[in-house]
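For reference, run-v4.cif (mmCIF, C-alpha atoms and all ligand atoms):
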```
data_start
#
loop_
_atom_site.label_atom_id
_atom_site.label_comp_id
_atom_site.auth_asym_id
_atom_site.auth_seq_id
_atom_site.Cartn_x
_atom_site.Cartn_y
_atom_site.Cartn_z
CA MET A 1 3.90 102.47 84.12
CA LYS A 2 4.97 103.53 80.66
CA THR A 3 7.88 101.48 79.33
CA LEU A 4 10.62 103.75 78.17
CA ARG A 5 12.21 103.10 74.82
CA PRO A 6 16.00 102.77 74.75
CA ILE A 7 17.04 105.90 72.88
CA LYS A 8 19.96 104.29 71.02
CA ASP A 9 17.57 101.85 69.39
CA LEU A 10 16.31 104.74 67.26
CA SER A 11 17.98 105.39 63.93
CA ARG A 12 19.36 108.85 63.22
CA GLY A 13 16.37 109.49 60.95
CA GLU A 14 13.88 108.44 63.63
CA LEU A 15 15.55 110.60 66.22
CA ALA A 16 15.62 113.56 63.82
CA GLN A 17 11.93 113.13 63.14
CA TRP A 18 11.08 112.84 66.80
CA LEU A 19 12.98 116.07 67.49
CA GLN A 20 11.31 117.82 64.60
CA GLU A 21 7.84 116.82 65.81
CA ARG A 22 8.65 118.51 69.09
CA GLY A 23 9.76 121.67 67.34
CA GLU A 24 13.37 121.32 68.43
CA PRO A 25 15.99 123.25 66.43
CA SER A 26 17.94 121.23 63.87
CA TYR A 27 21.23 121.46 65.81
CA ARG A 28 19.63 119.48 68.64
CA LEU A 29 20.31 116.18 66.87
CA ASP A 30 24.08 116.71 66.82
CA GLN A 31 24.03 117.92 70.41
CA LEU A 32 22.09 114.90 71.57
CA GLU A 33 24.23 112.43 69.62
CA GLY A 34 27.31 114.02 71.15
CA TRP A 35 25.98 113.07 74.55
CA LEU A 36 24.83 109.64 73.50
CA TYR A 37 28.00 108.51 71.77
CA ARG A 38 30.98 110.72 72.47
CA HIS A 39 30.74 111.85 76.09
CA ASP A 40 30.19 109.44 78.88
CA VAL A 41 27.13 110.54 80.76
CA ALA A 42 25.17 108.34 83.11
CA SER A 43 21.86 110.18 82.83
CA PHE A 44 19.88 112.61 80.68
CA HIS A 45 20.27 115.06 83.59
CA ASP A 46 23.97 115.34 82.85
CA MET A 47 23.44 116.58 79.28
CA THR A 48 24.16 120.07 80.44
CA ASN A 49 23.88 122.02 77.21
CA LEU A 50 20.33 120.81 76.61
CA PRO A 51 17.50 122.94 78.06
CA LYS A 52 16.24 121.54 81.34
CA THR A 53 12.67 121.21 80.05
CA PHE A 54 13.91 119.21 77.10
CA ARG A 55 15.94 116.92 79.34
CA GLU A 56 12.73 116.23 81.21
CA VAL A 57 10.96 115.33 77.99
CA LEU A 58 13.75 112.89 77.22
CA LEU A 59 13.48 111.39 80.68
CA GLY A 60 9.76 110.80 80.26
CA GLU A 61 10.17 109.19 76.87
CA PHE A 62 13.42 107.21 76.78
CA CYS A 63 15.86 105.26 78.84
CA LEU A 64 19.52 106.05 78.27
CA PHE A 65 20.94 102.55 78.58
CA SER A 66 19.47 99.22 77.56
CA LEU A 67 22.04 97.16 79.47
CA GLU A 68 23.14 96.99 83.05
CA GLU A 69 26.38 95.45 84.21
CA VAL A 70 25.69 92.56 86.57
CA ALA A 71 29.10 90.93 86.92
CA ARG A 72 32.69 91.33 85.91
CA GLU A 73 35.55 88.87 85.97
CA GLU A 74 39.18 89.62 85.29
CA ALA A 75 41.66 86.96 84.23
CA LEU A 76 45.33 86.94 85.15
CA ASP A 77 46.28 88.15 81.68
CA GLY A 78 44.07 91.23 82.11
CA THR A 79 41.24 89.96 79.89
CA THR A 80 37.97 91.11 81.45
CA LYS A 81 34.58 89.59 80.85
CA PHE A 82 31.58 91.86 81.40
CA LEU A 83 28.21 90.27 82.00
CA PHE A 84 25.26 92.52 81.22
CA SER A 85 21.55 92.15 81.80
CA THR A 86 19.13 93.39 79.15
CA LEU A 87 15.91 95.17 80.06
CA ASP A 88 13.99 91.91 79.55
CA GLY A 89 16.36 89.94 81.76
CA GLU A 90 18.55 88.22 79.15
CA ARG A 91 22.27 87.89 79.71
CA VAL A 92 24.90 89.20 77.31
CA GLU A 93 28.67 89.02 77.50
CA ALA A 94 31.39 91.31 76.14
CA VAL A 95 35.09 90.67 76.52
CA LEU A 96 37.81 93.30 76.88
CA ILE A 97 41.20 92.11 75.66
CA PRO A 98 44.36 94.13 76.35
CA ASP A 99 47.20 93.33 73.98
CA ARG A 100 50.34 95.51 73.95
CA ASP A 101 49.13 98.95 72.81
CA ARG A 102 45.70 97.68 71.81
CA LEU A 103 42.55 97.44 73.83
CA THR A 104 39.96 95.41 71.96
CA LEU A 105 36.35 94.84 72.88
CA CYS A 106 34.64 91.69 71.62
CA VAL A 107 30.92 92.43 71.27
CA SER A 108 27.93 90.06 71.19
CA THR A 109 25.27 90.46 68.51
CA GLN A 110 22.67 87.91 69.62
CA VAL A 111 21.63 86.12 72.79
CA GLY A 112 22.79 82.66 71.75
CA CYS A 113 23.20 81.73 68.10
CA ARG A 114 21.17 79.88 65.49
CA MET A 115 24.12 78.48 63.55
CA GLY A 116 24.79 75.52 65.81
CA CYS A 117 28.51 75.06 65.14
CA ARG A 118 29.54 71.95 67.02
CA PHE A 119 32.76 73.29 68.48
CA CYS A 120 31.09 76.41 69.91
CA LEU A 121 29.44 76.55 73.30
CA THR A 122 27.25 79.49 72.27
CA GLY A 123 26.08 77.50 69.26
CA ARG A 124 25.39 74.43 71.35
CA GLN A 125 23.16 76.40 73.69
CA GLY A 126 20.77 77.54 71.01
CA PHE A 127 19.17 80.86 70.25
CA ARG A 128 17.15 83.28 72.36
CA ARG A 129 16.90 86.51 70.43
CA ASN A 130 18.66 89.15 68.38
CA LEU A 131 20.25 92.08 70.13
CA THR A 132 19.21 95.56 69.13
CA ARG A 133 21.60 98.20 67.83
CA GLY A 134 21.35 99.97 71.18
CA GLU A 135 22.30 96.81 73.06
CA MET A 136 25.36 96.36 70.87
CA LEU A 137 26.38 100.00 71.23
CA ASP A 138 25.81 99.92 74.97
CA GLN A 139 28.32 97.08 75.36
CA VAL A 140 30.89 99.40 73.79
CA LEU A 141 29.77 102.53 75.64
CA LEU A 142 29.60 100.97 79.08
CA VAL A 143 33.01 99.35 78.73
CA ARG A 144 34.50 102.49 77.20
CA ARG A 145 33.38 104.43 80.24
CA GLU A 146 35.21 102.01 82.53
CA VAL A 147 38.29 102.08 80.37
CA ARG A 148 38.32 105.88 80.24
CA ASP A 149 38.00 106.03 84.00
CA GLN A 150 41.33 104.20 84.08
CA GLY A 151 42.83 106.78 81.72
CA ARG A 152 42.82 104.48 78.70
CA GLU A 153 40.91 104.31 75.44
CA LEU A 154 39.31 101.45 73.52
CA THR A 155 41.19 101.01 70.26
CA ASN A 156 39.40 98.16 68.46
CA VAL A 157 35.95 96.64 68.35
CA VAL A 158 35.30 93.16 67.01
CA PHE A 159 31.83 91.72 66.40
CA MET A 160 32.98 88.28 67.45
CA GLY A 161 31.17 87.58 70.69
CA MET A 162 27.98 85.59 71.04
CA GLY A 163 25.91 85.28 67.90
CA GLU A 164 26.22 85.58 64.16
CA PRO A 165 26.21 89.27 63.23
CA LEU A 166 24.99 88.72 59.67
CA ASP A 167 22.04 86.68 60.96
CA ASN A 168 21.02 89.94 62.66
CA TYR A 169 21.92 92.04 59.67
CA GLU A 170 19.95 95.26 60.07
CA GLU A 171 20.77 95.84 63.70
CA SER A 172 24.42 94.82 63.44
CA LEU A 173 24.94 97.10 60.46
CA ALA A 174 23.15 99.97 62.17
CA ALA A 175 25.41 99.57 65.21
CA LEU A 176 28.52 99.34 63.02
CA ARG A 177 27.59 102.54 61.21
CA VAL A 178 27.28 104.43 64.48
CA LEU A 179 30.59 102.97 65.67
CA ILE A 180 32.48 104.27 62.66
CA SER A 181 30.61 107.51 62.14
CA ASP A 182 32.19 110.80 63.20
CA LYS A 183 28.82 111.69 64.64
CA GLY A 184 28.83 108.42 66.49
CA LEU A 185 31.72 106.83 68.35
CA GLY A 186 34.25 107.75 65.68
CA PHE A 187 36.21 104.50 65.36
CA SER A 188 38.30 104.16 62.23
CA HIS A 189 37.06 101.54 59.74
CA ARG A 190 40.31 99.70 60.14
CA LYS A 191 39.70 99.17 63.84
CA VAL A 192 36.32 97.52 63.48
CA THR A 193 35.96 93.86 62.51
CA LEU A 194 32.92 91.77 61.73
CA SER A 195 33.30 88.03 61.96
CA THR A 196 30.90 85.77 60.10
CA VAL A 197 30.25 82.13 59.57
CA GLY A 198 29.78 83.00 55.88
CA LEU A 199 26.12 83.70 55.14
CA VAL A 200 26.56 84.21 51.42
CA PRO A 201 23.62 86.52 50.55
CA GLN A 202 24.44 88.75 53.51
CA VAL A 203 28.15 88.84 52.64
CA ARG A 204 27.17 89.93 49.14
CA ARG A 205 24.89 92.58 50.58
CA LEU A 206 27.61 93.77 52.93
CA ALA A 207 29.88 94.12 49.90
CA ARG A 208 27.51 96.77 48.57
CA GLU A 209 27.30 98.83 51.77
CA GLY A 210 30.49 100.74 51.12
CA LEU A 211 31.79 100.22 54.66
CA ASP A 212 35.40 99.17 54.55
CA LEU A 213 35.37 97.26 57.79
CA THR A 214 37.70 94.36 58.36
CA LEU A 215 35.85 91.21 57.41
CA ALA A 216 36.70 87.94 59.12
CA LEU A 217 35.40 84.63 57.85
CA SER A 218 35.27 81.59 60.09
CA LEU A 219 36.58 78.99 57.69
CA ASN A 220 37.47 76.17 60.11
CA ALA A 221 37.80 73.44 57.49
CA THR A 222 39.07 72.98 53.94
CA ASP A 223 36.62 70.45 52.50
CA ASP A 224 32.84 70.52 52.44
CA GLU A 225 32.40 67.24 54.21
CA THR A 226 34.35 68.30 57.28
CA ARG A 227 32.99 71.82 57.26
CA SER A 228 29.40 70.61 57.04
CA LEU A 229 30.02 68.34 59.97
CA LEU A 230 31.41 71.18 62.05
CA MET A 231 29.18 73.97 60.79
CA PRO A 232 25.66 73.04 59.64
CA ILE A 233 25.44 76.28 57.62
CA ASN A 234 27.95 74.79 55.16
CA ARG A 235 25.20 72.50 53.87
CA ARG A 236 23.46 75.63 52.66
CA TYR A 237 26.48 77.60 51.43
CA SER A 238 29.42 75.51 50.34
CA LEU A 239 33.04 76.48 50.76
CA GLU A 240 33.25 77.35 47.11
CA GLU A 241 30.27 79.71 47.37
CA VAL A 242 31.60 81.37 50.49
CA VAL A 243 35.01 81.96 48.97
CA ALA A 244 33.35 83.24 45.77
CA ALA A 245 31.48 85.78 47.92
CA LEU A 246 34.82 86.98 49.29
CA ARG A 247 36.20 87.25 45.79
CA GLY A 248 33.30 89.53 44.94
CA TYR A 249 33.89 91.72 47.99
CA PRO A 250 35.53 95.08 47.28
CA LEU A 251 38.59 94.82 49.47
CA PRO A 252 40.31 98.20 49.82
CA PRO A 253 43.96 98.36 48.75
CA ARG A 254 46.41 97.06 51.31
CA LYS A 255 43.63 95.37 53.27
CA ARG A 256 43.24 91.66 53.81
CA PHE A 257 40.47 89.35 54.84
CA THR A 258 40.95 87.47 58.06
CA LEU A 259 40.29 83.75 57.94
CA GLU A 260 39.61 82.29 61.32
CA TYR A 261 40.41 78.67 61.75
CA VAL A 262 39.63 76.77 64.92
CA VAL A 263 42.17 73.97 65.10
CA LEU A 264 40.55 70.76 66.33
CA GLU A 265 42.80 67.90 67.32
CA GLY A 266 43.03 65.35 64.50
CA VAL A 267 40.21 66.95 62.49
CA ASN A 268 41.36 69.82 60.30
CA HIS A 269 45.13 70.43 60.45
CA SER A 270 46.77 67.86 58.16
CA PRO A 271 49.30 68.78 55.44
CA GLN A 272 46.48 68.08 53.00
CA ASP A 273 44.32 70.68 54.78
CA ALA A 274 47.14 73.20 54.41
CA ARG A 275 47.37 72.54 50.68
CA ARG A 276 43.61 72.66 50.18
CA LEU A 277 43.36 75.90 52.12
CA ALA A 278 46.05 77.51 50.01
CA ARG A 279 44.33 76.38 46.82
CA LEU A 280 40.93 77.54 48.00
CA VAL A 281 41.99 81.11 48.63
CA GLU A 282 44.57 81.40 45.88
CA GLY A 283 44.88 84.99 44.71
CA LEU A 284 42.85 86.39 47.62
CA ARG A 285 44.57 88.69 50.09
CA VAL A 286 44.10 86.92 53.40
CA LYS A 287 45.67 86.40 56.73
CA VAL A 288 44.94 83.23 58.62
CA ASN A 289 44.30 83.22 62.36
CA LEU A 290 44.62 79.79 63.89
CA ILE A 291 42.62 79.45 67.09
CA PRO A 292 43.47 76.31 69.07
CA PHE A 293 40.13 74.82 70.13
CA ASN A 294 38.98 75.96 73.56
CA PRO A 295 37.40 72.93 75.19
CA PHE A 296 34.27 72.98 77.33
CA PRO A 297 32.48 70.25 79.27
CA GLY A 298 30.69 67.87 76.95
CA ALA A 299 32.63 68.96 73.86
CA GLU A 300 33.31 66.26 71.27
CA PHE A 301 36.67 67.74 70.26
CA GLU A 302 40.05 68.16 71.83
CA ARG A 303 42.57 70.89 71.88
CA PRO A 304 45.59 70.15 69.66
CA SER A 305 49.07 70.27 71.14
CA GLU A 306 51.12 73.40 70.67
CA ARG A 307 53.49 71.48 68.44
CA GLU A 308 50.64 70.46 66.11
CA VAL A 309 49.40 74.02 65.81
CA LEU A 310 52.92 75.28 65.12
CA GLU A 311 53.36 72.60 62.46
CA PHE A 312 50.13 73.59 60.73
CA GLN A 313 51.19 77.23 60.89
CA ALA A 314 54.56 76.37 59.35
CA GLN A 315 52.89 74.43 56.52
CA LEU A 316 50.56 77.31 55.73
CA ARG A 317 53.41 79.80 55.84
CA GLN A 318 55.41 77.65 53.49
CA LEU A 319 52.53 77.85 51.06
CA GLY A 320 52.74 81.64 51.22
CA LEU A 321 49.89 82.34 53.63
CA SER A 322 50.59 84.74 56.46
CA THR A 323 49.40 82.78 59.43
CA PHE A 324 49.16 83.68 63.10
CA ILE A 325 48.21 81.75 66.18
CA ARG A 326 45.62 83.45 68.30
CA GLN A 327 46.55 82.90 71.88
CA SER A 328 43.61 82.03 74.04
CA ARG A 329 42.84 84.85 76.36
CA GLY A 330 41.06 84.76 79.66
CA GLN A 331 40.46 81.03 79.59
CA GLU A 332 40.05 80.57 83.30
CA ILE A 333 37.08 82.96 83.23
CA SER A 334 35.58 81.37 80.09
CA ALA A 335 36.15 84.54 78.10
CA ALA A 336 37.94 82.82 75.23
CA CYS A 337 36.49 82.34 71.73
CA GLY A 338 33.47 80.11 71.68
CA LEU A 339 33.04 79.97 75.44
CA LEU A 340 30.51 82.75 75.82
CA ARG A 341 27.13 81.70 77.04
CA TRP A 342 23.86 83.29 77.87
CA ARG A 343 22.50 80.82 80.37
CA ARG A 344 22.19 82.11 83.84
CA GLY A 345 24.44 80.29 86.22
CA ALA A 346 25.57 77.94 83.45
N1 LIG A 401 29.42 83.92 64.68
C1 LIG A 401 30.60 84.56 64.22
C2 LIG A 401 31.29 85.37 65.29
C3 LIG A 401 31.32 84.80 66.68
S1 LIG A 401 32.22 83.29 66.89
C4 LIG A 401 31.55 83.55 63.62
O1 LIG A 401 31.33 82.35 63.77
O2 LIG A 401 32.49 83.99 62.96
C5 LIG A 401 33.88 83.92 66.95
C6 LIG A 401 34.97 82.91 66.59
O3 LIG A 401 35.13 81.96 67.64
C7 LIG A 401 34.70 82.12 65.33
O4 LIG A 401 35.80 82.25 64.45
C8 LIG A 401 34.59 80.69 65.82
O5 LIG A 401 35.03 79.81 64.83
C9 LIG A 401 35.43 80.71 67.07
N2 LIG A 401 35.11 79.67 68.05
C10 LIG A 401 33.89 79.23 68.39
N3 LIG A 401 33.98 78.25 69.32
C11 LIG A 401 35.29 78.09 69.58
C12 LIG A 401 36.02 77.25 70.49
N4 LIG A 401 35.39 76.40 71.30
N5 LIG A 401 37.35 77.35 70.51
C13 LIG A 401 37.99 78.24 69.70
N6 LIG A 401 37.36 79.06 68.86
C14 LIG A 401 36.02 78.99 68.79
FE1 LIG A 402 27.37 80.98 66.13
FE2 LIG A 402 29.88 81.76 65.51
FE3 LIG A 402 29.40 79.98 67.48
FE4 LIG A 402 29.03 79.25 64.96
S1 LIG A 402 30.99 79.85 65.90
S2 LIG A 402 27.62 78.85 66.65
S3 LIG A 402 28.25 81.13 64.09
S4 LIG A 402 28.78 82.11 67.44
#
```

Re-express the file's structure as structure tokens.
Amino acid sequence: MKTLRPIKDLSRGELAQWLQERGEPSYRLDQLEGWLYRHDVASFHDMTNLPKTFREVLLGEFCLFSLEEVAREEALDGTTKFLFSTLDGERVEAVLIPDRDRLTLCVSTQVGCRMGCRFCLTGRQGFRRNLTRGEMLDQVLLVRREVRDQGRELTNVVFMGMGEPLDNYEESLAALRVLISDKGLGFSHRKVTLSTVGLVPQVRRLAREGLDLTLALSLNATDDETRSLLMPINRRYSLEEVVAALRGYPLPPRKRFTLEYVVLEGVNHSPQDARRLARLVEGLRVKVNLIPFNPFPGAEFERPSEREVLEFQAQLRQLGLSTFIRQSRGQEISAACGLLRWRRGA
């Protein structure tokens, strides 16, 4: 049997060319993209303003979705973890996080991750493969459909699930462009965040893309020795280089970078860390998100007490840094930061 190509894996240009080769009128591209990204249809059959014969051509050539939901778990706080299967049987997770008037979806960009951060379960499990643009978009589209069925709307998308988005640069960027395009899902730039471990060449490249997304950097330590211990990538790109890449990034007026900082008991939250952090990012517009470490079996770190995290926050605030504590969401269903995993039954 012919394997059908997931249609959202095609770029706009490829889709346009495919349509042209079939002699379709030029307005067909917009029509088709409307169905793919803005309306929630479950099948090519439902694309009612396309000629029936053309819908049949689509059916013979493409599949509409590259993911299938296989499980869903909802935590007491409303956080919902969606487990999807890819066409080749890999497992991918996306997490829906309700917070006051916001409804944020945390999207995965790879199956596993190559970066090997020691405090991250995804990193500890190793790498399987990159996700395609269609697989990233389908996480958003399939969850959006559920959310819309409940009369709500997704407000934010964060590329902060499994994987390092800038280690899968082309596909992540392609998916982000569709997310924020009017011809795509139409999210505002401000509502889309990419979180990176700080791959310097890719951050510099991203700076030239002219996409004013929110950029989050996982800082996690304030000296190279500690950061290299926690995040092997720091041996390649030092703190200084990573921060220099941020300084070279064209931050739109009134926007700030997000610095994510996993607080590990006794490792990275001393008064000296607070001072070093402030010095490191002096003059940069940033907001700091402290994430108390989410433990997992076999982890070599511990979660700090609430008092310790509050103290670190107070020290950073005193140094003029706006600092927030990210409450762990959905912990009992392992939906919290760093607890996503691809292993079946793990
Ligand atoms: N690879 C990207 C995005 C995915 S990780 C990155 O590292 O930025 C998303 C966030 O989860 C990162 O800020 C990371 O530091 C944090 N994280 C990973 N493991 C964690 C854990 N066990 N507890 C708390 N936060 C964790
Ligand atoms: Fe990968 Fe991010 Fe986890 Fe590090 S923290 S291993 S970069 S997913």

May I have the protein, DNA and RNA residues with an atom at most 7 Å from (27.4, 106.4, 80.9), counting all atoms listed in the file in the file's coordinates, returned as a JSON list (two decimals) with C-alpha atoms, in the frame of the given file?
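Below is the file out.json, written as the result:
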```json
[["chain", "number", "residue", "atom", "x", "y", "z"],
["A", 40, "ASP", "CA", 30.19, 109.44, 78.88],
["A", 41, "VAL", "CA", 27.13, 110.54, 80.76],
["A", 42, "ALA", "CA", 25.17, 108.34, 83.11],
["A", 43, "SER", "CA", 21.86, 110.18, 82.83],
["A", 141, "LEU", "CA", 29.77, 102.53, 75.64],
["A", 142, "LEU", "CA", 29.60, 100.97, 79.08],
["A", 145, "ARG", "CA", 33.38, 104.43, 80.24]]
```

Worksheet item: For ligand LIG 401 (chain A), which of A:Thr196, A:Thr86, A:Thr48, A:Thr132 is the closest residue, counting all atoms listed in the file?
Response: A:Thr196

Worksheet entry | Interatomic distance, atom CA of Leu32 of chain A to atom CA of Leu58 of chain A (Å, one decimal) | 10.3 Å

Please, which residues in chain A fall within 7 Å of ligand LIG 402 (chain A) when counting only C-alpha atoms and all ligand atoms, and what is the closest atom pair and distance in Å to one decimal for each, ordered by chain then residue number, as JSON lines?
```
{"residue": "A:Cys113", "atom": "CA", "partner": "A:LIG402", "partner_atom": "FE1", "distance": 4.7}
{"residue": "A:Arg114", "atom": "CA", "partner": "A:LIG402", "partner_atom": "FE1", "distance": 6.3}
{"residue": "A:Met115", "atom": "CA", "partner": "A:LIG402", "partner_atom": "S2", "distance": 4.7}
{"residue": "A:Gly116", "atom": "CA", "partner": "A:LIG402", "partner_atom": "S2", "distance": 4.5}
{"residue": "A:Cys117", "atom": "CA", "partner": "A:LIG402", "partner_atom": "S2", "distance": 4.2}
{"residue": "A:Cys120", "atom": "CA", "partner": "A:LIG402", "partner_atom": "FE3", "distance": 4.6}
{"residue": "A:Leu121", "atom": "CA", "partner": "A:LIG402", "partner_atom": "FE3", "distance": 6.8}
{"residue": "A:Thr122", "atom": "CA", "partner": "A:LIG402", "partner_atom": "FE3", "distance": 5.3}
{"residue": "A:Gly123", "atom": "CA", "partner": "A:LIG402", "partner_atom": "S2", "distance": 3.3}
{"residue": "A:Arg124", "atom": "CA", "partner": "A:LIG402", "partner_atom": "S2", "distance": 6.8}
{"residue": "A:Gly161", "atom": "CA", "partner": "A:LIG402", "partner_atom": "S4", "distance": 6.8}
{"residue": "A:Met162", "atom": "CA", "partner": "A:LIG402", "partner_atom": "S4", "distance": 5.1}
{"residue": "A:Gly163", "atom": "CA", "partner": "A:LIG402", "partner_atom": "S4", "distance": 4.3}
{"residue": "A:Glu164", "atom": "CA", "partner": "A:LIG402", "partner_atom": "S3", "distance": 4.9}
{"residue": "A:Thr196", "atom": "CA", "partner": "A:LIG402", "partner_atom": "S3", "distance": 6.7}
{"residue": "A:Val197", "atom": "CA", "partner": "A:LIG402", "partner_atom": "S3", "distance": 5.0}
{"residue": "A:Met231", "atom": "CA", "partner": "A:LIG402", "partner_atom": "FE4", "distance": 6.7}
{"residue": "A:Gly338", "atom": "CA", "partner": "A:LIG402", "partner_atom": "FE3", "distance": 5.8}
```

Fill in: Site check for ligand LIG 401 (chain A): residues at most 9 Å away, only C-alpha atoms and all ligand atoms, as a PyMOL selection string
chain A and resi 107-109+113+115+117-123+158-167+194-198+216-220+259-264+289-296+299+301+303+328+336-340

Discussion item. List the spatial neighbours of segment 312-324 of chain A as a VMD selection string - criterion: any atom at most 12 Å away, only C-alpha atoms, same-chain residues fewer than 6 positions off excluded.
Written reply: chain A and resid 256 to 266 268 to 292 304 to 306

Discussion item. My list of candidates is A:Ser334, A:Ser172, A:Gln17, A:Ser238. Which is closest to Glu93 of chain A when distances are computed with all atoms listed in the file?
Written reply: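 So, comparing all the options, the nearest one is A:Ser334.
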
Enclose all atoms of segment 252-257 of chain A listed in the file in an axis-aligned box, grow every side by 6 Å, and hand back centre and edge lengths in Å to one decimal, as lines of an AutoDock Vina configuration file.
```
center_x = 43.4
center_y = 93.9
center_z = 51.8
size_x = 18.1
size_y = 21.0
size_z = 18.1
```
